[in-house]
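A.B. asks: Dropping in upload-v5.pdb, which is PDB, C-alpha atoms:
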ATOM      1  CA  MET A   1      73.910 -19.331-118.615
ATOM      2  CA  LYS A   2      72.461 -17.224-121.456
ATOM      3  CA  LYS A   3      68.929 -17.986-120.237
ATOM      4  CA  ILE A   4      69.754 -16.755-116.734
ATOM      5  CA  ILE A   5      71.200 -13.501-118.108
ATOM      6  CA  ILE A   6      68.189 -12.933-120.384
ATOM      7  CA  ILE A   7      65.753 -13.618-117.532
ATOM      8  CA  ALA A   8      67.678 -11.243-115.256
ATOM      9  CA  ILE A   9      67.653  -8.486-117.898
ATOM     10  CA  LEU A  10      63.918  -8.912-118.484
ATOM     11  CA  PHE A  11      63.233  -8.851-114.745
ATOM     12  CA  ILE A  12      65.316  -5.713-114.201
ATOM     13  CA  SER A  13      63.897  -3.866-117.237
ATOM     14  CA  GLY A  14      60.352  -4.789-116.182
ATOM     15  CA  ASN A  15      60.931  -3.143-112.819
ATOM     16  CA  LEU A  16      62.259   0.019-114.471
ATOM     17  CA  ILE A  17      58.952   0.709-116.222
ATOM     18  CA  ALA A  18      56.960   3.249-114.235
ATOM     19  CA  GLN A  19      53.885   1.877-112.534
ATOM     20  CA  THR A  20      50.921   4.115-113.214
ATOM     21  CA  GLY A  21      47.217   4.399-112.573
ATOM     22  CA  THR A  22      44.332   6.649-113.565
ATOM     23  CA  ILE A  23      42.294   9.230-111.679
ATOM     24  CA  GLU A  24      38.699   9.725-112.792
ATOM     25  CA  LEU A  25      37.774  13.089-111.290
ATOM     26  CA  THR A  26      34.296  14.602-111.190
ATOM     27  CA  VAL A  27      33.978  18.231-110.119
ATOM     28  CA  SER A  28      30.467  19.410-109.254
ATOM     29  CA  GLY A  29      28.958  22.653-107.977
ATOM     30  CA  ILE A  30      30.333  24.747-110.844
ATOM     31  CA  ASN A  31      28.605  28.120-111.231
ATOM     32  CA  LEU A  32      28.842  29.078-114.911
ATOM     33  CA  LYS A  33      27.874  32.680-114.097
ATOM     34  CA  LYS A  34      31.157  32.950-112.180
ATOM     35  CA  GLY A  35      33.496  31.852-114.969
ATOM     36  CA  LYS A  36      34.322  28.685-116.835
ATOM     37  CA  ASN A  37      37.953  28.045-115.859
ATOM     38  CA  ILE A  38      38.374  25.137-113.453
ATOM     39  CA  LYS A  39      41.926  24.789-112.120
ATOM     40  CA  ILE A  40      42.951  21.339-110.887
ATOM     41  CA  ALA A  41      46.166  20.843-108.912
ATOM     42  CA  ILE A  42      47.542  17.445-107.886
ATOM     43  CA  TYR A  43      50.005  17.397-104.990
ATOM     44  CA  ASP A  44      52.163  14.809-103.294
ATOM     45  CA  GLU A  45      52.780  14.943 -99.546
ATOM     46  CA  VAL A  46      56.138  16.722 -99.760
ATOM     47  CA  GLY A  47      54.840  19.594-101.902
ATOM     48  CA  PHE A  48      51.271  19.831-100.583
ATOM     49  CA  LEU A  49      49.918  23.315-101.425
ATOM     50  CA  LYS A  50      53.431  24.533-102.262
ATOM     51  CA  GLU A  51      54.513  22.653-105.363
ATOM     52  CA  ILE A  52      51.988  21.403-107.900
ATOM     53  CA  LYS A  53      52.943  18.004-109.289
ATOM     54  CA  ILE A  54      50.332  18.007-112.083
ATOM     55  CA  GLN A  55      48.100  20.892-113.148
ATOM     56  CA  LYS A  56      45.140  21.047-115.504
ATOM     57  CA  ILE A  57      42.915  23.961-116.465
ATOM     58  CA  ILE A  58      39.579  22.864-117.878
ATOM     59  CA  GLN A  59      36.904  24.968-119.566
ATOM     60  CA  SER A  60      33.574  23.942-118.069
ATOM     61  CA  LYS A  61      30.428  23.824-120.162
ATOM     62  CA  GLY A  62      28.144  22.685-117.381
ATOM     63  CA  LYS A  63      27.613  22.505-113.634
ATOM     64  CA  GLU A  64      29.685  19.318-113.496
ATOM     65  CA  ILE A  65      32.728  17.998-115.341
ATOM     66  CA  THR A  66      34.403  14.611-115.379
ATOM     67  CA  ILE A  67      37.951  14.185-116.602
ATOM     68  CA  GLU A  68      40.318  11.250-116.731
ATOM     69  CA  LEU A  69      43.909  11.812-115.702
ATOM     70  CA  ASP A  70      46.033   9.019-117.153
ATOM     71  CA  ASP A  71      49.555   7.803-116.454
ATOM     72  CA  ILE A  72      49.714   9.066-112.861
ATOM     73  CA  GLU A  73      52.639   7.472-111.038
ATOM     74  CA  VAL A  74      51.632   5.100-108.260
ATOM     75  CA  GLY A  75      51.614   6.957-104.943
ATOM     76  CA  LYS A  76      49.667   9.032-102.433
ATOM     77  CA  TYR A  77      48.185  12.326-103.648
ATOM     78  CA  ALA A  78      45.730  15.097-102.787
ATOM     79  CA  ILE A  79      43.816  17.280-105.237
ATOM     80  CA  GLY A  80      42.790  20.900-104.882
ATOM     81  CA  VAL A  81      40.312  22.458-107.309
ATOM     82  CA  PHE A  82      38.991  25.979-107.665
ATOM     83  CA  GLN A  83      36.795  27.887-110.089
ATOM     84  CA  ASP A  84      38.863  30.816-111.344
ATOM     85  CA  GLU A  85      36.061  33.392-111.406
ATOM     86  CA  ASN A  86      38.190  36.287-112.674
ATOM     87  CA  SER A  87      40.593  34.218-114.848
ATOM     88  CA  ASP A  88      43.710  35.481-113.049
ATOM     89  CA  GLY A  89      45.087  31.978-112.388
ATOM     90  CA  GLU A  90      45.103  32.555-108.620
ATOM     91  CA  MET A  91      42.889  31.439-105.763
ATOM     92  CA  ASN A  92      41.664  34.814-104.505
ATOM     93  CA  THR A  93      41.129  35.248-100.769
ATOM     94  CA  ASN A  94      39.749  37.931 -98.479
ATOM     95  CA  TYR A  95      41.822  39.784 -95.891
ATOM     96  CA  MET A  96      41.454  36.847 -93.475
ATOM     97  CA  GLY A  97      42.741  34.352 -96.047
ATOM     98  CA  LYS A  98      39.331  32.762 -96.679
ATOM     99  CA  PRO A  99      38.830  31.838-100.371
ATOM    100  CA  LYS A 100      36.537  34.129-102.367
ATOM    101  CA  GLU A 101      36.218  31.584-105.178
ATOM    102  CA  LEU A 102      34.483  28.212-105.240
ATOM    103  CA  ASN A 103      36.951  25.494-104.236
ATOM    104  CA  GLY A 104      37.289  21.968-102.944
ATOM    105  CA  PHE A 105      39.714  19.195-102.058
ATOM    106  CA  SER A 106      39.807  15.459-102.583
ATOM    107  CA  ASN A 107      37.672  13.528-100.103
ATOM    108  CA  ASP A 108      35.599  16.751 -99.858
ATOM    109  CA  VAL A 109      37.575  17.770 -96.783
ATOM    110  CA  LYS A 110      37.558  21.311 -95.446
ATOM    111  CA  GLY A 111      40.229  22.797 -93.242
ATOM    112  CA  ASN A 112      39.596  24.486 -89.919
ATOM    113  CA  PHE A 113      40.888  28.055 -90.155
ATOM    114  CA  GLY A 114      43.018  27.163 -93.172
ATOM    115  CA  PRO A 115      43.507  24.431 -95.745
ATOM    116  CA  PRO A 116      42.955  20.780 -94.858
ATOM    117  CA  ASP A 117      45.664  18.383 -93.767
ATOM    118  CA  PHE A 118      47.304  16.319 -96.517
ATOM    119  CA  ASN A 119      46.368  13.079 -94.730
ATOM    120  CA  ASP A 120      42.683  14.053 -94.693
ATOM    121  CA  ALA A 121      42.662  14.917 -98.412
ATOM    122  CA  SER A 122      44.940  12.126 -99.615
ATOM    123  CA  PHE A 123      44.135   9.036-101.643
ATOM    124  CA  ASP A 124      46.183   6.288-103.288
ATOM    125  CA  VAL A 125      46.814   5.792-106.979
ATOM    126  CA  LEU A 126      47.369   2.083-107.586
ATOM    127  CA  ASN A 127      49.079   0.343-110.499
ATOM    128  CA  ASP A 128      46.756  -0.305-113.459
ATOM    129  CA  LYS A 129      43.727   0.831-111.405
ATOM    130  CA  SER A 130      41.321   3.733-111.787
ATOM    131  CA  THR A 131      40.640   5.849-108.702
ATOM    132  CA  LYS A 132      37.266   7.623-108.809
ATOM    133  CA  LEU A 133      36.910  10.912-106.935
ATOM    134  CA  VAL A 134      34.163  13.512-106.646
ATOM    135  CA  ILE A 135      34.927  17.027-105.446
ATOM    136  CA  HIS A 136      32.043  19.388-104.672
ATOM    137  CA  LEU A 137      32.993  23.043-105.044
ATOM    138  CA  MET A 138      31.949  25.296-102.153
ATOM    139  CA  LYS A 139      32.910  28.643-100.665
TER     140      LYS A 139
END
What do you get writing this file as structure tokens?
C.D. replies:
Amino acid sequence: MKKIIIIAILFISGNLIAQTGTIELTVSGINLKKGKNIKIAIYDEVGFLKEIKIQKIIQSKGKEITIELDDIEVGKYAIGVFQDENSDGEMNTNYMGKPKELNGFSNDVKGNFGPPDFNDASFDVLNDKSTKLVIHLMK
């Protein structure tokens, strides 16, 4: 009986440990003359472009950076990146809403007359796996 209880406790506690993966993200097309701050925002489907799940601000020293984001919970995500040219922490747009700063999304998708759809930009983070992504910044 004790063995059954111990096995059950181990099984239950094993399932309580968060399953995580890694994102290896390369951002290219950085223009160092326009500032060094690269803002990376990771979204889930529910909060896409409204609520940032994970945010990183990286100082770029070159035209391309590669970072590893560890311990990301298993799930479906999309990433938005922009080069903060004036270091105000915001994605600046013109009067029509078109971005003034270099930007990009996972899967290198672009929206038509607005941001892309979550499903077009999304990718899966799998347990104990590394997901490699490349985002090319463009205007």
A.B. asks: For the atom pair CA of Glu68 in chain A and CA of Ile23 in chain A, what is the interatomic distance in Å to one decimal place?
C.D. replies: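 Between these atoms lies a distance of 5.8 Å.
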A.B. asks: Just to confirm, what's the straight-line distance from CA of Gly97 in chain A to CA of Lys34 in chain A in Å (one decimal)?
C.D. replies: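 Going from CA of Gly97 in chain A over to CA of Lys34 in chain A, I get 19.9 Å.
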A.B. asks: The PyMOL selection byres ((chain A and resi 46) around 12) - which residues does that actually catch in the file I just gave you? List them as a list in words.
C.D. replies: Ile42, Tyr43, Asp44, Glu45, Gly47, Phe48, Leu49, Lys50, Glu51, Ile52, Lys53, Gly75, Lys76, Tyr77, Ala78, Phe118 and Asn119 of chain A
A.B. asks: May I have the selected residues written with C-alpha atoms, as a short mmCIF file (atom, residue, chain, number, x, y, z; two decimals), keeping the file's coordinate frame?
C.D. replies:
data_model
loop_
_atom_site.label_atom_id
_atom_site.label_comp_id
_atom_site.auth_asym_id
_atom_site.auth_seq_id
_atom_site.Cartn_x
_atom_site.Cartn_y
_atom_site.Cartn_z
CA ILE A 42 47.54 17.44 -107.89
CA TYR A 43 50.00 17.40 -104.99
CA ASP A 44 52.16 14.81 -103.29
CA GLU A 45 52.78 14.94 -99.55
CA GLY A 47 54.84 19.59 -101.90
CA PHE A 48 51.27 19.83 -100.58
CA LEU A 49 49.92 23.32 -101.42
CA LYS A 50 53.43 24.53 -102.26
CA GLU A 51 54.51 22.65 -105.36
CA ILE A 52 51.99 21.40 -107.90
CA LYS A 53 52.94 18.00 -109.29
CA GLY A 75 51.61 6.96 -104.94
CA LYS A 76 49.67 9.03 -102.43
CA TYR A 77 48.18 12.33 -103.65
CA ALA A 78 45.73 15.10 -102.79
CA PHE A 118 47.30 16.32 -96.52
CA ASN A 119 46.37 13.08 -94.73
#
A.B. asks: Mind telling me what the PyMOL selection byres ((chain A and resi 29) around 8) catches here, as a list in words?
C.D. replies: Val27, Ser28, Ile30, Asn31, Lys63, Glu64, His136, Leu137 and Met138 of chain A
A.B. asks: When the PyMOL selection byres ((chain A and resi 85) around 6) is applied to the file above, which residues end up in the set, as a list in words?
C.D. replies: Lys34, Gly35, Gln83, Asp84, Asn86 and Ser87 of chain A
A.B. asks: Which residues, written as a list in words, have at least one atom at most 9 Å from Gly114 in chain A, with only C-alpha atoms counted and residues fewer than 3 positions away on the same chain left out?
C.D. replies: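 Listing them by chain and then by number gives Gly97, Lys98, Lys110 and Gly111 of chain A.
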A.B. asks: So which one's closest to Met91 in chain A, A:Ser122, A:Lys139, A:Asp70, A:Lys33? Using only C-alpha atoms, please.
C.D. replies: A:Lys139
A.B. asks: Name the closest residue to Ile135 in chain A among the candidates A:Ala18, A:Val74, A:Ile57, A:Leu102; distances are taken between atoms, counting all atoms listed in the file.
C.D. replies: A:Leu102
A.B. asks: Between A:Glu101, A:Pro115, A:Glu73, A:Ile54, which one has atoms that come closest to Ile17 in chain A, using all atoms listed in the file?
C.D. replies: A:Glu73
A.B. asks: Could you work out how far CA of Val81 in chain A lies from CA of Thr20 in chain A, giving the answer in Å with one decimal?
C.D. replies: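 Taking CA of Thr20 in chain A and CA of Val81 in chain A, their separation equals 22.0 Å.
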A.B. asks: Can you pull out every residue within 10 Å of Gln19 in chain A, counting all atoms listed in the file, but drop anything in the same chain fewer than 4 positions away, and send it as JSON, numbers by chain?
C.D. replies: {"A": [14, 15, 71, 72, 73, 74, 75, 125, 126, 127, 128]}
A.B. asks: Looking at all atoms listed in the file, which of A:Met96, A:Leu32, A:Ile38, A:Ile79 is the one that sits closest to Leu133 in chain A?
C.D. replies: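 Of the candidates, the smallest distance to Leu133 in chain A is held by A:Ile79.
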A.B. asks: Counting all atoms listed in the file, which of A:Lys61, A:Thr26, A:Asn112, A:Asn103 gets nearest to Glu90 in chain A?
C.D. replies: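 Distance minimum relative to Glu90 in chain A lands on A:Asn103.
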